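Asker: One structure is given below, represented as structure tokens, and several questions about it will come after.
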Amino acid sequence: MEDLRTGNHCNKCFYYDALYFKGTNKLTKAKVGYCKRDSKFVENGECCTSYSKRRPKNRNKAILRLYLCGMISDLRDLRLLMEEEERGDENEEL
């Protein structure tokens with residue numbers, strides 16, 4: 001009963017893996033999942049005795065910054081190409 005009040009539900013646990021069904025257009029989340037610690041299938045809202053808080057994923061900010069800078073420069077190049085193409089179309093019309 002104490003677990004219900006604190007919110008130690010299996011679907012919020014570090015050891016919980018959600019299961020999905022493959023549909024025609026998308027994946028549908030199942031009402032059950034798999035507990036890696038207890039090696040058994042559990043319901044989403046079931047209370048867990050071996051609950052461990054799910055840790056947030058840490059991403060390396062420097063790598064993300066490099067990736068985003070690369071994307072920005074690619075977009076800038078595309079914009080310049082499109083502007084040159086528009087100028088060429090305008091000159092052909094005159």
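We label chains A, B, ... in the order they appear in the structure tokens, count residues from 1 in each chain, and number ligands from 1 in the order shown.
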List the neighbours of A:Val42 out to 12 Å using only C-alpha atoms; skip same-chain residues closer than 6 positions along the sequence, and give me the result as a VMD selection string.

Answerer: chain A and resid 9 to 11 13 15 to 19 30 to 36 48 to 49

Asker: Store the residues of this selection in a file with N, CA, C and O atoms, as a short mmCIF file (atom, residue, chain, number, x, y, z; two decimals), in the first residue's frame.

Answerer:
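Ended up saving to again-v4.cif:
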```cif
data_model
loop_
_atom_site.label_atom_id
_atom_site.label_comp_id
_atom_site.auth_asym_id
_atom_site.auth_seq_id
_atom_site.Cartn_x
_atom_site.Cartn_y
_atom_site.Cartn_z
N HIS A 9 5.81 2.80 -9.37
CA HIS A 9 5.19 1.95 -10.37
C HIS A 9 6.26 1.39 -11.30
O HIS A 9 7.26 2.04 -11.57
N CYS A 10 6.03 0.19 -11.79
CA CYS A 10 7.01 -0.48 -12.64
C CYS A 10 7.34 0.33 -13.90
O CYS A 10 8.49 0.33 -14.34
N ASN A 11 6.36 1.00 -14.48
CA ASN A 11 6.63 1.72 -15.73
C ASN A 11 7.53 2.93 -15.54
O ASN A 11 8.01 3.51 -16.49
N CYS A 13 10.27 2.61 -13.50
CA CYS A 13 11.47 1.99 -12.93
C CYS A 13 12.59 1.90 -13.96
O CYS A 13 12.35 1.77 -15.17
N TYR A 15 14.59 -0.60 -14.38
CA TYR A 15 14.70 -1.96 -14.89
C TYR A 15 13.54 -2.36 -15.80
O TYR A 15 13.48 -3.47 -16.28
N TYR A 16 12.61 -1.46 -16.04
CA TYR A 16 11.41 -1.75 -16.82
C TYR A 16 11.66 -1.50 -18.32
O TYR A 16 12.17 -0.46 -18.71
N ASP A 17 11.29 -2.47 -19.13
CA ASP A 17 11.31 -2.31 -20.59
C ASP A 17 9.89 -2.45 -21.11
O ASP A 17 9.24 -3.48 -20.87
N ALA A 18 9.42 -1.45 -21.82
CA ALA A 18 8.07 -1.48 -22.37
C ALA A 18 8.02 -2.43 -23.56
O ALA A 18 8.99 -2.61 -24.28
N LEU A 19 6.87 -3.04 -23.76
CA LEU A 19 6.65 -3.92 -24.91
C LEU A 19 5.70 -3.23 -25.87
O LEU A 19 4.77 -2.54 -25.46
N ALA A 30 1.99 -1.93 -25.28
CA ALA A 30 1.23 -2.96 -24.57
C ALA A 30 0.99 -2.55 -23.13
O ALA A 30 1.65 -1.65 -22.61
N LYS A 31 0.06 -3.21 -22.47
CA LYS A 31 -0.25 -2.91 -21.07
C LYS A 31 0.68 -3.64 -20.12
O LYS A 31 0.57 -3.50 -18.92
N VAL A 32 1.59 -4.42 -20.68
CA VAL A 32 2.57 -5.13 -19.87
C VAL A 32 3.97 -4.78 -20.35
O VAL A 32 4.16 -4.28 -21.45
N GLY A 33 4.94 -5.02 -19.49
CA GLY A 33 6.33 -4.79 -19.82
C GLY A 33 7.19 -5.88 -19.21
O GLY A 33 6.67 -6.82 -18.60
N TYR A 34 8.49 -5.75 -19.34
CA TYR A 34 9.40 -6.76 -18.83
C TYR A 34 10.32 -6.14 -17.78
O TYR A 34 10.94 -5.10 -18.03
N CYS A 35 10.41 -6.77 -16.62
CA CYS A 35 11.29 -6.32 -15.55
C CYS A 35 12.61 -7.08 -15.68
O CYS A 35 12.66 -8.30 -15.54
N LYS A 36 13.70 -6.34 -15.98
CA LYS A 36 15.00 -6.98 -16.17
C LYS A 36 15.57 -7.50 -14.86
O LYS A 36 16.31 -8.47 -14.86
N CYS A 48 6.42 -1.95 -7.58
CA CYS A 48 7.66 -2.71 -7.68
C CYS A 48 8.36 -2.78 -6.33
O CYS A 48 8.49 -1.77 -5.64
N THR A 49 8.84 -3.96 -5.96
CA THR A 49 9.59 -4.11 -4.71
C THR A 49 11.05 -3.76 -4.92
O THR A 49 11.73 -3.34 -3.99
#
```

Asker: Where in chain A does DSSP assign strand (DSSP E), given as a PyMOL selection string?

Answerer: chain A and resi 16-22+27-35+40-43

Asker: Write the residues of the preceding selection, restricted to C-alpha atoms, as a PDB file, in the first residue's frame.

Answerer:
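Written out: out.pdb:
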```
ATOM      1  CA  TYR A  16      11.409  -1.752 -16.825  1.00  0.00           C
ATOM      2  CA  ASP A  17      11.314  -2.311 -20.590  1.00  0.00           C
ATOM      3  CA  ALA A  18       8.068  -1.479 -22.371  1.00  0.00           C
ATOM      4  CA  LEU A  19       6.651  -3.920 -24.906  1.00  0.00           C
ATOM      5  CA  TYR A  20       5.075  -2.839 -28.189  1.00  0.00           C
ATOM      6  CA  PHE A  21       2.842  -4.490 -30.777  1.00  0.00           C
ATOM      7  CA  LYS A  22       3.498  -3.861 -34.442  1.00  0.00           C
ATOM      8  CA  LEU A  27       3.638   0.635 -32.884  1.00  0.00           C
ATOM      9  CA  THR A  28       1.124   0.254 -30.060  1.00  0.00           C
ATOM     10  CA  LYS A  29       2.310   0.169 -26.452  1.00  0.00           C
ATOM     11  CA  ALA A  30       1.230  -2.964 -24.575  1.00  0.00           C
ATOM     12  CA  LYS A  31      -0.249  -2.907 -21.068  1.00  0.00           C
ATOM     13  CA  VAL A  32       2.573  -5.134 -19.867  1.00  0.00           C
ATOM     14  CA  GLY A  33       6.329  -4.793 -19.824  1.00  0.00           C
ATOM     15  CA  TYR A  34       9.396  -6.762 -18.829  1.00  0.00           C
ATOM     16  CA  CYS A  35      11.293  -6.325 -15.548  1.00  0.00           C
ATOM     17  CA  LYS A  40       9.385 -11.502 -15.428  1.00  0.00           C
ATOM     18  CA  PHE A  41       6.531  -9.750 -17.208  1.00  0.00           C
ATOM     19  CA  VAL A  42       4.745  -7.080 -15.162  1.00  0.00           C
ATOM     20  CA  GLU A  43       1.731  -4.775 -15.587  1.00  0.00           C
TER      21      GLU A  43
END
```

Asker: Please compute the atom CA of A:Lys12-atom CA of A:Arg54 distance, one decimal, in Å.

Answerer: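 These two atoms are separated by 6.5 Å.
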
Asker: Interatomic distance between atom CA of A:Glu84 and atom CA of A:Gly70?

Answerer: 21.4 Å

Asker: From the list A:Arg37, A:Glu92, A:Arg79, A:Glu86, which residue is nearest A:Ser52 when using only C-alpha atoms?

Answerer: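 Smallest separation from A:Ser52 among the options: A:Arg37.
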